[in-house]
>>> print(open('run-v3.cif').read())   # mmCIF, C-alpha atoms and all ligand atoms
data_my_file
loop_
_atom_site.label_atom_id
_atom_site.label_comp_id
_atom_site.auth_asym_id
_atom_site.auth_seq_id
_atom_site.Cartn_x
_atom_site.Cartn_y
_atom_site.Cartn_z
CA MET B 55 -133.73 12.53 -103.70
CA SER B 56 -131.39 15.04 -102.18
CA SER B 57 -128.54 13.99 -99.95
CA ASN B 58 -126.41 15.66 -97.38
CA PHE B 59 -122.69 14.89 -97.40
CA ALA B 60 -119.49 16.86 -97.87
CA ARG B 61 -119.39 17.50 -101.57
CA GLN B 62 -116.47 18.23 -103.83
CA VAL B 63 -117.53 20.92 -106.32
CA LEU B 64 -115.54 22.51 -109.15
CA ILE B 65 -116.52 26.07 -110.05
CA THR B 66 -115.18 27.53 -113.29
CA GLY B 67 -114.36 31.21 -112.86
CA GLY B 68 -114.58 30.80 -109.10
CA ASN B 69 -112.12 33.55 -108.26
CA ARG B 70 -114.48 36.54 -108.37
CA GLY B 71 -118.08 37.65 -108.84
CA ILE B 72 -120.88 35.09 -108.77
CA GLY B 73 -118.44 32.16 -108.94
CA LEU B 74 -116.65 33.33 -105.80
CA ALA B 75 -119.99 33.76 -104.01
CA ILE B 76 -120.97 30.21 -105.04
CA ALA B 77 -117.65 28.96 -103.62
CA ARG B 78 -118.19 30.85 -100.34
CA GLY B 79 -121.75 29.54 -100.02
CA LEU B 80 -120.68 25.95 -100.61
CA LEU B 81 -117.83 26.22 -98.10
CA ALA B 82 -120.19 27.69 -95.51
CA ARG B 83 -122.35 24.57 -95.91
CA GLY B 84 -119.36 22.29 -95.26
CA HIS B 85 -118.45 21.37 -98.83
CA ASP B 86 -115.06 21.45 -100.58
CA VAL B 87 -114.48 23.62 -103.63
CA ILE B 88 -112.04 23.84 -106.51
CA VAL B 89 -111.93 27.37 -107.87
CA THR B 90 -110.52 28.13 -111.29
CA SER B 91 -109.24 31.19 -113.09
CA ARG B 92 -107.35 31.66 -116.33
CA SER B 93 -104.45 32.72 -114.09
CA LEU B 94 -103.10 30.25 -111.52
CA GLU B 95 -101.94 33.17 -109.38
CA THR B 96 -105.46 34.63 -109.26
CA ALA B 97 -107.05 31.26 -108.55
CA THR B 98 -104.49 30.59 -105.79
CA GLN B 99 -105.10 33.98 -104.17
CA ALA B 100 -108.84 33.29 -104.15
CA ALA B 101 -108.39 29.77 -102.72
CA GLU B 102 -106.08 31.05 -99.96
CA LYS B 103 -108.67 33.61 -98.93
CA LEU B 104 -111.42 30.97 -99.00
CA GLY B 105 -109.52 28.65 -96.63
CA GLU B 106 -108.15 25.16 -96.45
CA ARG B 107 -111.16 23.44 -98.03
CA ALA B 108 -110.63 25.41 -101.25
CA THR B 109 -108.09 24.51 -103.91
CA ALA B 110 -107.01 26.39 -107.02
CA LEU B 111 -106.78 25.30 -110.62
CA GLU B 112 -105.68 27.20 -113.72
CA LEU B 113 -108.26 26.83 -116.48
CA ASP B 114 -109.26 28.64 -119.65
CA VAL B 115 -112.43 26.92 -120.83
CA SER B 116 -111.95 28.36 -124.33
CA ASN B 117 -108.60 26.66 -124.74
CA GLU B 118 -108.31 22.90 -125.31
CA GLU B 119 -104.70 22.71 -124.14
CA SER B 120 -105.62 24.52 -120.91
CA ILE B 121 -108.52 22.09 -120.36
CA ARG B 122 -106.17 19.15 -120.98
CA GLN B 123 -103.62 20.42 -118.45
CA ALA B 124 -106.29 21.22 -115.87
CA MET B 125 -107.81 17.77 -116.25
CA THR B 126 -104.42 16.10 -115.82
CA THR B 127 -103.98 17.98 -112.53
CA LEU B 128 -107.56 17.30 -111.46
CA HIS B 129 -107.31 13.56 -112.06
CA GLN B 130 -104.09 13.48 -110.00
CA THR B 131 -105.59 15.37 -107.06
CA THR B 132 -109.28 14.43 -107.00
CA GLU B 133 -110.99 11.08 -106.72
CA ARG B 134 -114.49 12.28 -107.58
CA LEU B 135 -116.58 15.34 -108.28
CA ASP B 136 -120.06 15.76 -106.83
CA GLY B 137 -120.67 19.00 -108.65
CA LEU B 138 -119.53 21.04 -111.62
CA VAL B 139 -120.64 24.67 -111.81
CA ASN B 140 -120.03 26.10 -115.27
CA ASN B 141 -119.92 29.71 -114.18
CA ALA B 142 -117.08 31.13 -116.35
CA GLY B 143 -118.38 33.65 -118.82
CA ILE B 144 -117.68 36.78 -120.82
CA TYR B 145 -119.84 39.64 -122.03
CA PRO B 146 -117.99 41.05 -125.03
CA ASP B 147 -120.81 42.97 -126.73
CA ASP B 148 -120.28 46.57 -125.61
CA GLY B 149 -120.92 48.97 -128.49
CA ILE B 150 -122.01 46.42 -131.07
CA ASP B 151 -125.27 44.84 -132.19
CA ILE B 152 -126.52 41.94 -134.27
CA LEU B 153 -125.86 43.94 -137.48
CA THR B 154 -122.25 44.77 -136.63
CA VAL B 155 -121.02 41.82 -134.55
CA SER B 156 -118.02 40.10 -136.12
CA ARG B 157 -117.53 36.37 -136.58
CA PRO B 158 -114.45 36.34 -134.28
CA LEU B 159 -116.47 37.98 -131.51
CA LEU B 160 -119.35 35.54 -131.94
CA ASP B 161 -116.79 32.77 -131.81
CA ARG B 162 -115.19 34.12 -128.60
CA ALA B 163 -118.52 34.27 -126.79
CA MET B 164 -119.58 30.80 -127.90
CA GLN B 165 -116.22 29.29 -126.99
CA ALA B 166 -116.27 30.73 -123.46
CA ASN B 167 -119.97 30.69 -122.58
CA THR B 168 -121.26 27.62 -124.38
CA PHE B 169 -118.67 25.24 -125.76
CA GLY B 170 -116.52 25.61 -122.64
CA ALA B 171 -119.39 24.33 -120.49
CA VAL B 172 -120.06 21.38 -122.79
CA ARG B 173 -116.37 20.44 -122.88
CA MET B 174 -116.10 20.67 -119.10
CA VAL B 175 -119.00 18.24 -118.67
CA GLN B 176 -117.41 15.84 -121.14
CA GLU B 177 -114.03 16.01 -119.41
CA CYS B 178 -115.35 15.87 -115.85
CA LEU B 179 -117.75 13.01 -116.54
CA PRO B 180 -115.47 10.20 -115.28
CA LEU B 181 -115.10 12.06 -111.96
CA LEU B 182 -118.81 12.94 -111.77
CA GLU B 183 -119.70 9.29 -112.37
CA ARG B 184 -117.83 8.37 -109.18
CA SER B 185 -120.29 10.46 -107.12
CA THR B 186 -123.50 9.01 -105.74
CA ASP B 187 -125.31 12.30 -106.39
CA ALA B 188 -123.61 14.40 -109.06
CA ARG B 189 -125.01 17.68 -110.29
CA VAL B 190 -124.04 20.06 -113.08
CA VAL B 191 -125.13 23.71 -112.89
CA ASN B 192 -124.69 26.00 -115.88
CA VAL B 193 -124.76 29.72 -115.10
CA SER B 194 -126.89 31.14 -117.88
CA SER B 195 -128.72 34.47 -118.11
CA GLY B 196 -132.09 36.07 -118.74
CA TYR B 197 -130.50 37.14 -122.02
CA GLY B 198 -130.50 33.46 -122.97
CA SER B 199 -134.30 33.18 -122.91
CA LEU B 200 -136.34 33.70 -126.08
CA LYS B 201 -138.10 36.66 -124.47
CA GLY B 202 -134.79 38.11 -123.25
CA LEU B 203 -133.01 38.19 -126.61
CA SER B 204 -131.69 41.65 -127.43
CA ALA B 205 -130.31 42.88 -130.76
CA GLY B 206 -127.86 45.03 -128.80
CA VAL B 207 -126.31 42.06 -126.97
CA PRO B 208 -125.73 39.67 -129.87
CA SER B 209 -122.93 37.27 -129.01
CA TYR B 210 -123.83 37.00 -125.33
CA CYS B 211 -127.53 36.31 -126.02
CA LEU B 212 -126.74 33.65 -128.62
CA SER B 213 -124.18 31.99 -126.39
CA LYS B 214 -126.54 31.78 -123.39
CA LEU B 215 -129.48 30.65 -125.56
CA ALA B 216 -127.24 27.87 -126.81
CA LEU B 217 -126.11 27.13 -123.25
CA ASN B 218 -129.75 26.57 -122.28
CA GLY B 219 -130.05 24.21 -125.24
CA ALA B 220 -126.90 22.39 -124.22
CA THR B 221 -128.34 22.06 -120.70
CA ILE B 222 -131.38 20.21 -122.07
CA MET B 223 -129.24 17.90 -124.20
CA LEU B 224 -126.73 17.18 -121.44
CA ALA B 225 -129.61 16.45 -119.05
CA GLN B 226 -131.04 13.95 -121.55
CA ALA B 227 -127.67 12.31 -122.05
CA LEU B 228 -126.89 12.03 -118.33
CA GLU B 229 -130.31 11.16 -116.92
CA SER B 230 -129.64 7.42 -117.08
CA LYS B 231 -126.47 7.98 -115.04
CA GLY B 232 -128.44 9.90 -112.38
CA ILE B 233 -126.55 13.14 -113.03
CA ALA B 234 -128.78 16.24 -112.90
CA VAL B 235 -127.99 19.11 -115.28
CA ASN B 236 -129.68 22.47 -114.83
CA ALA B 237 -129.11 26.10 -115.72
CA ILE B 238 -129.70 29.25 -113.70
CA ASP B 239 -130.49 32.87 -114.44
CA PRO B 240 -128.83 34.71 -111.53
CA GLY B 241 -130.51 38.04 -112.31
CA TRP B 242 -128.56 41.27 -112.72
CA VAL B 243 -125.72 41.04 -110.22
CA ARG B 244 -123.08 43.51 -108.92
CA THR B 245 -119.85 42.06 -110.29
CA ASP B 246 -117.14 43.13 -112.73
CA MET B 247 -119.52 42.00 -115.48
CA GLY B 248 -122.77 43.31 -114.01
CA GLY B 249 -121.39 46.66 -112.81
CA VAL B 250 -122.08 48.67 -109.68
CA SER B 251 -125.68 49.60 -110.58
CA ALA B 252 -126.95 46.02 -110.56
CA PRO B 253 -129.65 45.44 -107.92
CA ARG B 254 -128.52 41.99 -106.75
CA SER B 255 -125.58 41.04 -104.57
CA PRO B 256 -123.25 38.21 -105.65
CA GLU B 257 -124.75 36.15 -102.80
CA GLN B 258 -128.26 36.59 -104.21
CA GLY B 259 -126.99 35.66 -107.66
CA ALA B 260 -125.28 32.57 -106.25
CA ASP B 261 -128.16 31.21 -104.14
CA THR B 262 -129.99 29.12 -106.76
CA ALA B 263 -126.74 27.62 -108.08
CA ILE B 264 -125.75 26.55 -104.55
CA TRP B 265 -129.22 25.08 -103.96
CA LEU B 266 -129.15 23.11 -107.22
CA ALA B 267 -125.62 21.89 -106.51
CA THR B 268 -126.58 20.59 -103.06
CA GLU B 269 -130.13 20.49 -101.68
CA ALA B 270 -132.52 20.50 -104.64
CA SER B 271 -134.01 17.19 -105.72
CA ASN B 272 -131.68 15.57 -108.22
CA ARG B 273 -134.75 14.40 -110.14
CA GLN B 274 -135.08 17.98 -111.33
CA THR B 275 -133.02 18.13 -114.50
CA GLY B 276 -132.90 19.89 -117.86
CA LYS B 277 -134.48 23.10 -116.58
CA VAL B 278 -133.62 26.78 -116.19
CA TRP B 279 -134.11 28.20 -112.68
CA ARG B 280 -134.34 31.64 -111.16
CA ASP B 281 -134.77 32.22 -107.43
CA ARG B 282 -135.23 28.44 -106.93
CA GLN B 283 -138.17 28.36 -109.36
CA ALA B 284 -138.10 26.68 -112.78
CA VAL B 285 -138.72 29.34 -115.41
CA ALA B 286 -139.76 29.27 -119.06
CA PHE B 287 -137.04 30.24 -121.48
P1 LIG B 301 -117.20 38.34 -113.71
O1 LIG B 301 -116.77 39.06 -114.94
O2 LIG B 301 -117.16 39.02 -112.41
O3 LIG B 301 -116.42 36.96 -113.58
C1 LIG B 301 -116.29 36.14 -114.70
C2 LIG B 301 -115.55 34.89 -114.29
O4 LIG B 301 -115.39 34.05 -115.45
C3 LIG B 301 -114.17 35.20 -113.77
O5 LIG B 301 -113.91 34.35 -112.69
C4 LIG B 301 -113.26 34.85 -114.94
O6 LIG B 301 -112.01 34.43 -114.48
C5 LIG B 301 -114.01 33.71 -115.58
N1 LIG B 301 -113.73 33.50 -116.99
C6 LIG B 301 -113.99 34.33 -118.03
N2 LIG B 301 -113.60 33.77 -119.19
C7 LIG B 301 -113.08 32.57 -118.88
C8 LIG B 301 -112.52 31.51 -119.63
N3 LIG B 301 -112.37 31.57 -120.96
N4 LIG B 301 -112.11 30.41 -118.98
C9 LIG B 301 -112.22 30.31 -117.65
N5 LIG B 301 -112.73 31.28 -116.86
C10 LIG B 301 -113.16 32.39 -117.49
O7 LIG B 301 -118.69 37.87 -114.06
P2 LIG B 301 -119.92 37.40 -113.15
O8 LIG B 301 -119.46 36.85 -111.87
O9 LIG B 301 -120.91 38.48 -113.17
O10 LIG B 301 -120.50 36.24 -114.10
C11 LIG B 301 -120.45 34.87 -113.76
C12 LIG B 301 -121.45 34.17 -114.66
O11 LIG B 301 -122.75 34.72 -114.45
C13 LIG B 301 -121.17 34.35 -116.15
O12 LIG B 301 -121.41 33.15 -116.83
C14 LIG B 301 -122.17 35.40 -116.58
O13 LIG B 301 -122.51 35.33 -117.94
C15 LIG B 301 -123.36 35.06 -115.68
N6 LIG B 301 -124.31 36.15 -115.47
C16 LIG B 301 -123.92 37.30 -114.83
C17 LIG B 301 -124.85 38.32 -114.65
C18 LIG B 301 -124.51 39.58 -113.93
O14 LIG B 301 -125.39 40.48 -113.85
N7 LIG B 301 -123.32 39.75 -113.37
C19 LIG B 301 -126.22 38.20 -115.16
C20 LIG B 301 -126.51 36.95 -115.79
C21 LIG B 301 -125.57 35.96 -115.93
P3 LIG B 301 -110.59 35.09 -114.93
O15 LIG B 301 -110.87 36.36 -115.65
O16 LIG B 301 -109.84 35.28 -113.67
O17 LIG B 301 -110.00 34.03 -115.79
#
>>> encode(input="run-v3.cif", output="structure tokens")
Amino acid sequence: MSSNFARQVLITGGNRGIGLAIARGLLARGHDVIVTSRSLETATQAAEKLGERATALELDVSNEESIRQAMTTLHQTTERLDGLVNNAGIYPDDGIDILTVSRPLLDRAMQANTFGAVRMVQECLPLLERSTDARVVNVSSGYGSLKGLSAGVPSYCLSKLALNGATIMLAQALESKGIAVNAIDPGWVRTDMGGVSAPRSPEQGADTAIWLATEASNRQTGKVWRDRQAVAF
């Protein structure tokens, strides 16, 4: 089943890059978005540019106190969520490899890219359960597939591999509630993270996430997608 109504979708890291393009795409289709940044000022600036159907929320997915405060605000301002896009992510591996990566750096990547997404699903669940068609989309990476693992990108690869695993487990846990959970590989995208040489625009990187959050069959769950096709990982 896919259904067509004005959705309320929260996008972590929705202030720039792929997250901002996801927000724009959802707004263009008539949905409402909540965009987050670690800075309220930055999130507010993004929401003001996006228009009146966008609202801002301060959120650091690596920080439990920040999640608690964001959830308090969210529960006061929002009756339900129809979508959660776990887009926030960091790529902290420049100049290091699997033989030199430190435990604190591994921890930073896992906290932001993996555990943050799991915690957001846990915390948003009461709001997602109030939707008739809730979807979770985790923004993963080709680096998170077994064939994409690279010794030169250690913490990022491990964190996205684990995010794909978390996607499968969350999908299992939420299937009986009718909540679809999928991950996407957006490809190499021109953003602050991807750099100017990347071949894909933010809009191209955002397309599959927007589709999964809205039009795709909600019976599709627990998969990784690229360009609207389920891919092996
Ligand atoms: P950007 O660096 O442009 O944006 C990253 C976003 O994540 C920002 O909005 C940032 O917000 C937010 N963010 C970072 N850390 C945290 C945190 N701890 N808590 C909350 N928000 C956080 O990256 P992209 O747009 O390129 O990346 C978006 C997603 O796409 C990421 O998950 C990334 O791994 C994935 N991806 C990107 C690819 C690419 O080529 N660009 C390729 C494959 C996957 P702020 O700093 O304002 O807090």
>>> residues_around(input="run-v3.cif", residues="Phe169 in chain B", least_positions_apart="4", cutoff="10 Å", atoms="all atoms listed in the file", output="number ranges by chain")
B: 115-116, 161-165, 173-175, 213, 216-217, 220
>>> write_last_selection(input="run-v3.cif", atoms="C-alpha atoms", output="compact mmCIF listing (two decimals), in the coordinates of the input")
# COMPACT_ATOMS: atom_id res chain seq x y z
CA VAL B 115 -112.43 26.92 -120.83
CA SER B 116 -111.95 28.36 -124.33
CA ASP B 161 -116.79 32.77 -131.81
CA ARG B 162 -115.19 34.12 -128.60
CA ALA B 163 -118.52 34.27 -126.79
CA MET B 164 -119.58 30.80 -127.90
CA GLN B 165 -116.22 29.29 -126.99
CA ARG B 173 -116.37 20.44 -122.88
CA MET B 174 -116.10 20.67 -119.10
CA VAL B 175 -119.00 18.24 -118.67
CA SER B 213 -124.18 31.99 -126.39
CA ALA B 216 -127.24 27.87 -126.81
CA LEU B 217 -126.11 27.13 -123.25
CA ALA B 220 -126.90 22.39 -124.22
>>> closest_residue(input="run-v3.cif", among="B:Gly84, B:Gly196, B:Pro208, B:Gly232", to="ligand LIG 301 (chain B)", atoms="all atoms listed in the file")
B:Gly196
>>> atom_distance(input="run-v3.cif", atom1="CA of Gly249 in chain B", atom2="CA of Gly198 in chain B")
19.0 Å
>>> residues_near_ligand(input="run-v3.cif", ligand="ligand LIG 301 (chain B)", cutoff="6 Å", atoms="all atoms listed in the file", output="short mmCIF file (atom, residue, chain, number, x, y, z; two decimals) with C-alpha atoms, in the coordinates of the input")
data_model
loop_
_atom_site.label_atom_id
_atom_site.label_comp_id
_atom_site.auth_asym_id
_atom_site.auth_seq_id
_atom_site.Cartn_x
_atom_site.Cartn_y
_atom_site.Cartn_z
CA THR B 66 -115.18 27.53 -113.29
CA GLY B 67 -114.36 31.21 -112.86
CA GLY B 68 -114.58 30.80 -109.10
CA ASN B 69 -112.12 33.55 -108.26
CA ARG B 70 -114.48 36.54 -108.37
CA GLY B 71 -118.08 37.65 -108.84
CA ILE B 72 -120.88 35.09 -108.77
CA GLY B 73 -118.44 32.16 -108.94
CA SER B 91 -109.24 31.19 -113.09
CA ARG B 92 -107.35 31.66 -116.33
CA SER B 93 -104.45 32.72 -114.09
CA LEU B 113 -108.26 26.83 -116.48
CA ASP B 114 -109.26 28.64 -119.65
CA VAL B 115 -112.43 26.92 -120.83
CA SER B 116 -111.95 28.36 -124.33
CA ASN B 141 -119.92 29.71 -114.18
CA ALA B 142 -117.08 31.13 -116.35
CA GLY B 143 -118.38 33.65 -118.82
CA ILE B 144 -117.68 36.78 -120.82
CA ALA B 166 -116.27 30.73 -123.46
CA VAL B 193 -124.76 29.72 -115.10
CA SER B 194 -126.89 31.14 -117.88
CA SER B 195 -128.72 34.47 -118.11
CA ASP B 239 -130.49 32.87 -114.44
CA PRO B 240 -128.83 34.71 -111.53
CA GLY B 241 -130.51 38.04 -112.31
CA TRP B 242 -128.56 41.27 -112.72
CA VAL B 243 -125.72 41.04 -110.22
CA ARG B 244 -123.08 43.51 -108.92
CA THR B 245 -119.85 42.06 -110.29
CA ASP B 246 -117.14 43.13 -112.73
CA MET B 247 -119.52 42.00 -115.48
CA GLY B 248 -122.77 43.31 -114.01
#
>>> closest_residue(input="run-v3.cif", among="B:Val190, B:Glu106, B:Leu215, B:Lys201", to="Gln176 in chain B", atoms="only C-alpha atoms")
B:Val190
>>> axis_aligned_box(input="run-v3.cif", around="range 189-205 of chain B", padding_each_side="8 Å", output="JSON")
{"center_x": -131.1, "center_y": 30.3, "center_z": -120.5, "size_x": 30.1, "size_y": 41.2, "size_z": 36.5}
>>> closest_residue(input="run-v3.cif", among="B:Ala252, B:Ala75, B:Ala124, B:Leu80", to="Leu266 in chain B", atoms="only C-alpha atoms")
B:Leu80
>>> closest_residue(input="run-v3.cif", among="B:Val63, B:Ser199, B:Glu269, B:Tyr210", to="Leu159 in chain B", atoms="only C-alpha atoms")
B:Tyr210
>>> closest_residue(input="run-v3.cif", among="B:Ala286, B:Val89, B:Asp281, B:Ser209", to="Asp148 in chain B", atoms="only C-alpha atoms")
B:Ser209
>>> closest_residue(input="run-v3.cif", among="B:Ala82, B:Ala110, B:Leu135, B:Val155", to="Ser185 in chain B", atoms="only C-alpha atoms")
B:Leu135
